[in-house]
Every structure is written in C-alpha cells, then in structure tokens.
>>> print(open('model17.cif').read())   # mmCIF, C-alpha atoms and all ligand atoms
data_structure
loop_
_atom_site.label_atom_id
_atom_site.label_comp_id
_atom_site.auth_asym_id
_atom_site.auth_seq_id
_atom_site.Cartn_x
_atom_site.Cartn_y
_atom_site.Cartn_z
CA MET A 1 77.73 67.23 -6.66
CA PHE A 2 74.11 68.24 -6.35
CA ALA A 3 73.39 65.45 -3.85
CA LEU A 4 76.49 66.36 -1.84
CA ALA A 5 75.57 70.02 -1.77
CA ILE A 6 71.96 69.52 -0.65
CA GLY A 7 72.63 66.41 1.48
CA PRO A 8 73.36 67.86 4.91
CA VAL A 9 70.58 70.43 4.82
CA TYR A 10 67.81 68.78 2.78
CA LEU A 11 68.40 65.00 2.43
CA GLU A 12 69.84 63.74 5.70
CA PRO A 13 67.13 65.40 7.86
CA VAL A 14 64.56 63.24 6.01
CA PHE A 15 66.03 60.12 7.64
CA ASN A 16 67.36 61.49 10.93
CA GLU A 17 66.55 64.25 13.33
CA PHE A 18 69.27 66.90 13.57
CA LYS A 19 69.34 69.25 16.49
CA PRO A 20 71.95 71.72 17.74
CA LEU A 21 74.19 70.19 20.36
CA ALA A 22 73.39 71.49 23.86
CA GLU A 23 75.76 74.19 25.09
CA SER A 24 78.83 72.75 26.80
CA PRO A 25 82.57 73.44 27.11
CA LEU A 26 83.09 70.60 24.60
CA LYS A 27 80.87 72.33 22.04
CA GLN A 28 82.85 75.55 22.45
CA GLN A 29 86.13 73.63 22.04
CA ILE A 30 84.82 72.05 18.83
CA LEU A 31 83.76 75.45 17.44
CA SER A 32 87.13 76.87 18.43
CA MET A 33 88.89 74.08 16.48
CA ALA A 34 86.67 74.91 13.49
CA ARG A 35 87.41 78.65 13.63
CA ALA A 36 91.13 78.02 13.97
CA ASN A 37 91.07 75.91 10.80
CA GLY A 38 88.97 78.13 8.55
CA ILE A 39 85.80 76.04 8.67
CA PRO A 40 82.69 78.21 8.15
CA ALA A 41 80.41 76.63 10.74
CA THR A 42 78.69 78.42 13.58
CA ASP A 43 76.93 75.47 15.22
CA VAL A 44 77.47 71.78 15.99
CA PHE A 45 74.63 69.35 15.29
CA GLU A 46 73.72 66.02 16.79
CA PHE A 47 71.66 63.39 14.96
CA ASP A 48 69.90 60.21 16.10
CA ALA A 49 71.77 57.55 14.12
CA SER A 50 71.29 55.09 16.99
CA LYS A 51 67.92 54.10 15.51
CA GLN A 52 69.79 52.61 12.52
CA THR A 53 73.22 51.58 13.80
CA LYS A 54 75.55 51.36 16.79
CA ARG A 55 78.45 52.81 14.80
CA MET A 56 79.96 56.10 15.82
CA SER A 57 80.40 58.74 13.17
CA ALA A 58 80.67 62.44 12.50
CA HIS A 59 80.84 64.71 9.45
CA VAL A 60 82.01 68.09 8.41
CA SER A 61 79.96 68.07 5.26
CA GLY A 62 78.35 70.26 2.68
CA LEU A 63 79.36 72.31 -0.31
CA LEU A 64 78.80 75.87 -1.40
CA GLY A 65 77.63 77.34 1.88
CA THR A 66 75.90 74.31 3.42
CA THR A 67 78.86 73.36 5.61
CA ARG A 68 77.83 71.65 8.83
CA ILE A 69 79.58 69.95 11.68
CA SER A 70 77.49 67.04 12.86
CA MET A 71 78.08 63.99 14.98
CA ASN A 72 75.85 61.07 15.73
CA ASP A 73 74.44 60.24 19.13
CA ASN A 74 76.49 57.01 19.31
CA LEU A 75 79.69 59.05 19.32
CA LEU A 76 78.27 61.42 21.93
CA LYS A 77 77.11 58.61 24.22
CA ARG A 78 80.06 56.25 23.87
CA GLY A 79 82.97 58.58 23.16
CA SER A 80 85.00 60.45 25.77
CA PRO A 81 85.40 64.22 25.20
CA GLU A 82 88.98 63.71 23.96
CA GLU A 83 87.78 60.97 21.62
CA ILE A 84 85.05 63.23 20.21
CA LYS A 85 87.59 66.00 19.60
CA ALA A 86 89.95 63.53 17.89
CA VAL A 87 87.17 62.29 15.58
CA LEU A 88 86.03 65.81 14.71
CA GLY A 89 89.63 66.90 14.08
CA HIS A 90 89.82 64.08 11.51
CA GLU A 91 86.57 65.19 9.86
CA MET A 92 87.81 68.79 9.75
CA GLY A 93 90.90 67.45 7.98
CA HIS A 94 88.70 66.04 5.20
CA TYR A 95 87.08 69.44 4.80
CA VAL A 96 90.23 71.56 4.85
CA LEU A 97 92.09 69.21 2.49
CA HIS A 98 89.19 69.35 -0.02
CA HIS A 99 88.75 65.60 -0.07
CA VAL A 100 85.19 65.84 -1.37
CA TYR A 101 86.31 67.75 -4.48
CA LYS A 102 89.36 65.53 -5.02
CA GLY A 103 87.18 62.44 -4.66
CA MET A 104 84.69 63.76 -7.21
CA VAL A 105 87.44 64.42 -9.76
CA PHE A 106 88.87 60.97 -9.20
CA ILE A 107 85.50 59.19 -9.43
CA GLY A 108 84.70 61.27 -12.53
CA LEU A 109 87.92 60.06 -14.19
CA ILE A 110 87.18 56.47 -13.21
CA ILE A 111 83.69 56.69 -14.69
CA VAL A 112 84.95 58.12 -18.00
CA VAL A 113 87.75 55.54 -18.32
CA SER A 114 85.41 52.71 -17.28
CA PHE A 115 82.86 53.62 -19.94
CA ALA A 116 85.58 53.84 -22.60
CA LEU A 117 86.89 50.39 -21.62
CA LEU A 118 83.35 49.06 -21.41
CA SER A 119 82.55 50.30 -24.92
CA TRP A 120 85.79 48.92 -26.34
CA SER A 121 85.51 45.46 -24.75
CA PHE A 122 81.79 45.15 -25.47
CA ASP A 123 82.33 45.90 -29.17
CA LYS A 124 85.19 43.39 -29.37
CA LEU A 125 83.14 40.63 -27.75
CA GLN A 126 80.05 41.48 -29.75
CA ALA A 127 81.96 41.35 -33.05
CA ARG A 128 83.36 37.95 -32.13
CA HIS A 129 80.47 36.23 -30.35
CA GLY A 130 77.50 38.50 -31.08
CA ALA A 131 75.83 36.20 -33.57
CA ARG A 132 76.08 33.15 -31.28
CA TRP A 133 75.00 35.09 -28.18
CA GLY A 134 72.17 36.86 -30.03
CA ILE A 135 73.48 40.37 -29.26
CA ARG A 136 73.09 42.92 -32.07
CA GLY A 137 74.87 45.88 -30.43
CA ALA A 138 75.27 48.10 -27.36
CA GLY A 139 71.71 49.37 -27.86
CA ASP A 140 70.30 45.82 -27.72
CA VAL A 141 68.69 44.89 -24.39
CA ALA A 142 70.07 41.37 -24.88
CA GLY A 143 73.54 42.86 -24.34
CA LEU A 144 72.72 44.14 -20.86
CA PRO A 145 73.93 41.03 -18.98
CA LEU A 146 77.27 41.23 -20.85
CA LEU A 147 77.58 44.95 -20.04
CA LEU A 148 76.83 44.28 -16.38
CA PHE A 149 79.36 41.45 -16.32
CA LEU A 150 82.07 43.64 -17.85
CA PHE A 151 81.26 46.52 -15.50
CA SER A 152 81.39 44.22 -12.45
CA ALA A 153 84.73 42.83 -13.60
CA TYR A 154 86.19 46.36 -13.93
CA SER A 155 84.83 47.42 -10.56
CA PHE A 156 86.34 44.31 -8.99
CA LEU A 157 89.76 44.97 -10.55
CA LEU A 158 89.58 48.62 -9.47
CA THR A 159 88.89 47.75 -5.81
CA PRO A 160 92.54 48.14 -4.66
CA VAL A 161 92.80 51.40 -6.63
CA THR A 162 89.70 53.07 -5.21
CA ASN A 163 90.43 51.71 -1.72
CA THR A 164 93.98 53.05 -1.86
CA LEU A 165 92.72 56.46 -2.92
CA THR A 166 90.26 56.71 -0.03
CA ARG A 167 92.72 55.12 2.42
CA THR A 168 95.36 57.70 1.46
CA MET A 169 92.91 60.56 2.02
CA GLU A 170 91.87 59.02 5.36
CA ALA A 171 95.52 58.89 6.46
CA GLU A 172 95.89 62.57 5.43
CA ALA A 173 92.80 63.46 7.48
CA ASP A 174 94.29 61.52 10.43
CA ASN A 175 97.50 63.54 10.21
CA TYR A 176 95.70 66.84 9.87
CA GLY A 177 93.21 65.92 12.60
CA ILE A 178 95.77 64.99 15.23
CA ASN A 179 97.41 68.39 14.81
CA VAL A 180 93.99 70.03 15.22
CA SER A 181 92.75 68.03 18.21
CA ARG A 182 96.10 67.18 19.87
CA GLN A 183 94.34 64.15 21.37
CA PRO A 184 96.44 61.06 20.55
CA ASP A 185 94.88 59.01 23.35
CA GLY A 186 91.39 60.07 22.28
CA PHE A 187 92.20 59.11 18.71
CA ALA A 188 93.45 55.69 19.86
CA GLN A 189 90.19 55.20 21.80
CA ALA A 190 88.23 55.94 18.61
CA ALA A 191 90.35 53.45 16.64
CA LEU A 192 89.59 50.82 19.30
CA HIS A 193 85.86 51.57 19.09
CA LEU A 194 86.02 51.17 15.30
CA SER A 195 87.62 47.74 15.79
CA GLU A 196 84.12 46.50 16.59
CA TYR A 197 83.59 46.23 12.84
CA ARG A 198 87.08 46.46 11.38
CA LYS A 199 89.89 43.99 11.91
CA MET A 200 92.72 45.81 13.73
CA GLN A 201 95.82 44.34 12.14
CA PRO A 202 95.42 43.02 8.60
CA GLY A 203 98.40 41.92 6.52
CA PRO A 204 99.92 44.58 4.23
CA VAL A 205 98.36 43.16 1.05
CA GLU A 206 95.00 42.71 2.76
CA GLU A 207 95.12 46.38 3.82
CA ILE A 208 95.96 47.60 0.30
CA VAL A 209 93.25 45.54 -1.39
CA PHE A 210 90.36 45.64 1.07
CA TYR A 211 90.78 48.60 3.42
CA ASP A 212 89.23 51.99 2.63
CA HIS A 213 90.67 53.34 5.92
CA PRO A 214 94.09 52.71 7.46
CA SER A 215 93.98 49.72 9.81
CA GLY A 216 93.36 50.41 13.49
CA TRP A 217 96.88 49.23 14.27
CA ASN A 218 98.43 51.72 11.83
CA ARG A 219 96.23 54.56 13.03
CA ILE A 220 97.14 54.02 16.69
CA HIS A 221 100.81 53.54 15.82
CA ARG A 222 100.90 56.84 13.91
CA VAL A 223 99.26 58.92 16.65
CA MET A 224 101.60 57.36 19.22
CA LEU A 225 104.52 58.47 17.03
CA TRP A 226 102.91 61.93 17.05
CA LYS A 227 102.62 61.76 20.84
CA ALA A 228 106.28 60.76 21.18
CA GLU A 229 107.22 63.93 19.27
CA HIS A 230 105.06 66.08 21.58
CA VAL A 231 105.72 64.39 24.88
CA GLY A 232 107.09 67.52 26.57
CA ASP A 233 104.25 69.84 25.46
CA ALA A 234 102.28 71.38 28.32
CA ASP A 235 98.87 70.06 27.23
CA ILE A 236 100.17 66.52 26.70
CA VAL A 237 101.97 66.55 30.07
CA ALA A 238 98.79 67.79 31.78
CA TYR A 239 96.66 65.16 30.06
CA ASP A 240 98.99 62.33 31.05
CA ALA A 241 99.26 63.61 34.63
CA ALA A 242 95.47 63.81 34.99
CA HIS A 243 94.95 60.35 33.54
CA SER A 244 97.70 58.60 35.43
CA ALA A 245 96.23 60.16 38.61
CA VAL A 246 92.87 58.61 37.69
CA ALA A 247 94.53 55.25 37.08
CA ALA A 248 96.47 55.47 40.36
CA SER A 249 93.38 56.32 42.41
CA ALA A 250 91.42 53.50 40.76
CA ALA A 251 94.09 50.93 41.62
CA PRO A 252 96.52 52.19 44.25
CA GLY A 253 100.11 51.24 43.60
CA SER A 254 99.48 50.24 40.01
CA ALA A 255 100.11 53.56 38.26
CA PRO A 256 101.91 53.01 34.99
CA PRO A 257 105.67 53.59 35.16
CA ARG A 258 106.60 57.09 33.99
ZN ZN B 1 87.64 59.97 7.37
#
>>> encode(input="model17.cif", output="structure tokens")
Amino acid sequence: MFALAIGPVYLEPVFNEFKPLAESPLKQQILSMARANGIPATDVFEFDASKQTKRMSAHVSGLLGTTRISMNDNLLKRGSPEEIKAVLGHEMGHYVLHHVYKGMVFIGLIIVVSFALLSWSFDKLQARHGARWGIRGAGDVAGLPLLLFLFSAYSFLLTPVTNTLTRTMEAEADNYGINVSRQPDGFAQAALHLSEYRKMQPGPVEEIVFYDHPSGWNRIHRVMLWKAEHVGDADIVAYDAAHSAVAASAAPGSAPPR
C-alpha cells in the first residue's frame, strides 16, 4: 500500500522523467473525461518510457491524494488521438472501480492462505522425511529449499486463479472505459498495437490459464458489439463519416460499403 501510494509521485520519477503534457485539445478532452468520472486529477503527465521499452502504456494511479493521469511517450507517438482516449478511458475504469484496493484485498487473502498451506505442508513433510533430509524445523535454514519448492508449487497452481482475477478486472475496465471514451475504433487500434507482444486469439483454456488481460480478439469483439449498439449515435456517425471520407480519398472508389 505504501509503495502504491508513494509510487507515482516519489518512486516512478526516479526511473523516468515526468512532465506535464503540452496543452492541446486532446489534453482538454482527457481532463474532461476525468472530471466527468470523478477522478481528482488536474493535469496529464507524459513520461519517457521509450528508453526502456517500445510498449505503450498509461496509468491513472496513486492513492490517498497522489492520483495522477500519466501516459508514456510510446502511446503518444504511436497512438492516434482516439486510441489514446480509449486507453485512458480504460485506465480511468480501473480507478473508478477501485481495482487497486480490490487487488490488494485479494492478494492479501492469497498471501495469508498460502502461508497457512505452506506451514501445514512443510510440517507434514518435515515430520515424515525431516530426519532423512536433515531438516529440523521451519526455523532451520536447511528447510529453505523445501519452503521455496512448496511456495513455487502453490504459485504455479494459483496461476489460473490470479490471472482470472486480473483478467476479470481488465474486462470491467474495458467496459467502463468504452463508455467513457466512446472510441470503439480507437480501442480496437490499441488492441492491435498490443498484439505485438500478446497472441490475439488463444484457445479458451489458454486464455483462462495464461492471460492476465482479455485476448485481443475478445477485446475487439466486445467493443464492436458496443459500437453496434451505438451505431446511430451522432458522435459515432460523425466518426465513421470522417473516416470513410479519409479512406475514400486515399483510394477512390474503394470506400467500404455502408
Ligand atoms: Zn488495465
């Protein structure tokens, strides 16, 4: 909790330079989205993640008065304005839905249960094999490899559980975010960018076990379902008209059928 609370203001600036995003209509639109959703942020920050990675990311992070909206320079350079709004809508969803607090409670429970299981299984094994393995008890350094083995085994078995928890929260943030940003095409662009390091269409079991975010295919499918439900809305109509005009002027006669 302490690390999360001080992170955005005191820890992250040690590794990256944060500066307020230059004034632009996009910045005002982002701040407007924040105000409309009860997010106490008065500025949008940009940080130079490109020195470490090519990945695009953004955060609405902080606890107890350190709330900040920040996005990395990869997102700013590679993302379209609608894509940036879609990504920030998602991050605002995490904030409004209290995912940080829910995650801490969940991880806290996992830690307590894991230590109880660890203690129980270690004692059982020690009583049975302790003499042969030369382990006198949980306080004996010789028992450390066994403790590490048991802990790794639990963590491995818990992978689908922890992944499903985060994946569920990510899907919630997607749903919240698309209602905030109203940018289904921008969201789909972001999902395609993320496919650079995530497989787009895993099998259902693969997704449950290994994916801490919904697959790109599922994310695009869901926002297209959202778009289908909003197809007559003025902003969606205007967006589609503007973008099919761009497509038509780029390749005359090849505008997508309406
Ligand atoms: Zn997320």
>>> residues_near_ligand(input="model17.cif", ligand="ligand ZN 1 (chain B)", cutoff="7 Å", atoms="all atoms listed in the file", output="PyMOL selection string")
chain A and resi 90-91+94+170+173
>>> closest_residue(input="model17.cif", among="A:Gln29, A:Glu82, A:Ala5, A:Leu97", to="Ser61 (chain A)", atoms="all atoms listed in the file")
A:Ala5
>>> closest_residue(input="model17.cif", among="A:Met33, A:Leu75, A:Ile220, A:Ile110", to="Ala49 (chain A)", atoms="all atoms listed in the file")
A:Leu75
>>> closest_residue(input="model17.cif", among="A:Thr164, A:Gln189, A:Ser244, A:Gln28", to="Val205 (chain A)", atoms="only C-alpha atoms")
A:Thr164
>>> closest_residue(input="model17.cif", among="A:Trp133, A:Pro8, A:Tyr154, A:Gly62", to="Val113 (chain A)", atoms="only C-alpha atoms")
A:Tyr154
>>> atom_distance(input="model17.cif", atom1="CA of Asn16 (chain A)", atom2="CA of Asp48 (chain A)")
5.9 Å
>>> residues_around(input="model17.cif", residues="region 39-42 of chain A", least_positions_apart="6", cutoff="9 Å", atoms="only C-alpha atoms", output="list in words")
Leu31, Met33, Val60, Gly65, Thr66, Thr67, Arg68, Ile69, Met92, Tyr95 and Val96 of chain A
>>> closest_residue(input="model17.cif", among="A:Met71, A:Val209, A:Ala34, A:Leu4", to="Lys19 (chain A)", atoms="all atoms listed in the file")
A:Met71
>>> decode(input="model17.cif", residues="region 79-130 of chain A", atoms="C-alpha atoms", output="PDB file, in the first residue's frame")
ATOM      1  CA  GLY A  79      -1.334   6.095 -30.859  1.00  0.00           C
ATOM      2  CA  SER A  80      -3.999   8.084 -32.695  1.00  0.00           C
ATOM      3  CA  PRO A  81      -5.972  10.602 -30.569  1.00  0.00           C
ATOM      4  CA  GLU A  82      -8.977   8.233 -30.468  1.00  0.00           C
ATOM      5  CA  GLU A  83      -6.683   5.384 -29.429  1.00  0.00           C
ATOM      6  CA  ILE A  84      -5.179   7.476 -26.625  1.00  0.00           C
ATOM      7  CA  LYS A  85      -8.655   8.376 -25.358  1.00  0.00           C
ATOM      8  CA  ALA A  86      -9.705   4.709 -25.474  1.00  0.00           C
ATOM      9  CA  VAL A  87      -6.635   3.641 -23.465  1.00  0.00           C
ATOM     10  CA  LEU A  88      -7.113   6.389 -20.876  1.00  0.00           C
ATOM     11  CA  GLY A  89     -10.827   5.557 -20.580  1.00  0.00           C
ATOM     12  CA  HIS A  90      -9.760   2.013 -19.669  1.00  0.00           C
ATOM     13  CA  GLU A  91      -7.285   3.290 -17.066  1.00  0.00           C
ATOM     14  CA  MET A  92      -9.945   5.577 -15.591  1.00  0.00           C
ATOM     15  CA  GLY A  93     -12.144   2.480 -15.299  1.00  0.00           C
ATOM     16  CA  HIS A  94      -9.522   0.826 -13.074  1.00  0.00           C
ATOM     17  CA  TYR A  95      -9.515   3.898 -10.857  1.00  0.00           C
ATOM     18  CA  VAL A  96     -13.274   4.388 -10.581  1.00  0.00           C
ATOM     19  CA  LEU A  97     -13.918   0.675  -9.984  1.00  0.00           C
ATOM     20  CA  HIS A  98     -11.328   0.633  -7.144  1.00  0.00           C
ATOM     21  CA  HIS A  99      -9.322  -2.155  -8.711  1.00  0.00           C
ATOM     22  CA  VAL A 100      -6.193  -1.271  -6.742  1.00  0.00           C
ATOM     23  CA  TYR A 101      -7.994  -1.752  -3.415  1.00  0.00           C
ATOM     24  CA  LYS A 102      -9.781  -4.906  -4.578  1.00  0.00           C
ATOM     25  CA  GLY A 103      -6.492  -6.313  -5.845  1.00  0.00           C
ATOM     26  CA  MET A 104      -4.785  -5.611  -2.522  1.00  0.00           C
ATOM     27  CA  VAL A 105      -7.528  -7.397  -0.575  1.00  0.00           C
ATOM     28  CA  PHE A 106      -7.342 -10.359  -2.920  1.00  0.00           C
ATOM     29  CA  ILE A 107      -3.531 -10.586  -2.830  1.00  0.00           C
ATOM     30  CA  GLY A 108      -3.670 -10.208   0.964  1.00  0.00           C
ATOM     31  CA  LEU A 109      -6.034 -13.193   1.199  1.00  0.00           C
ATOM     32  CA  ILE A 110      -3.836 -15.234  -1.128  1.00  0.00           C
ATOM     33  CA  ILE A 111      -0.761 -14.477   0.975  1.00  0.00           C
ATOM     34  CA  VAL A 112      -2.482 -15.484   4.230  1.00  0.00           C
ATOM     35  CA  VAL A 113      -3.898 -18.708   2.762  1.00  0.00           C
ATOM     36  CA  SER A 114      -0.584 -19.519   1.059  1.00  0.00           C
ATOM     37  CA  PHE A 115       1.357 -19.171   4.299  1.00  0.00           C
ATOM     38  CA  ALA A 116      -1.159 -21.352   6.157  1.00  0.00           C
ATOM     39  CA  LEU A 117      -0.868 -24.052   3.473  1.00  0.00           C
ATOM     40  CA  LEU A 118       2.898 -23.646   3.417  1.00  0.00           C
ATOM     41  CA  SER A 119       3.122 -24.119   7.182  1.00  0.00           C
ATOM     42  CA  TRP A 120       0.803 -27.130   7.127  1.00  0.00           C
ATOM     43  CA  SER A 121       2.527 -28.933   4.233  1.00  0.00           C
ATOM     44  CA  PHE A 122       6.028 -28.128   5.488  1.00  0.00           C
ATOM     45  CA  ASP A 123       5.257 -29.587   8.924  1.00  0.00           C
ATOM     46  CA  LYS A 124       3.755 -32.731   7.374  1.00  0.00           C
ATOM     47  CA  LEU A 125       6.775 -33.311   5.135  1.00  0.00           C
ATOM     48  CA  GLN A 126       9.226 -32.470   7.893  1.00  0.00           C
ATOM     49  CA  ALA A 127       7.593 -34.936  10.304  1.00  0.00           C
ATOM     50  CA  ARG A 128       7.777 -37.654   7.679  1.00  0.00           C
ATOM     51  CA  HIS A 129      11.108 -37.029   5.950  1.00  0.00           C
ATOM     52  CA  GLY A 130      12.819 -34.494   8.214  1.00  0.00           C
TER      53      GLY A 130
END
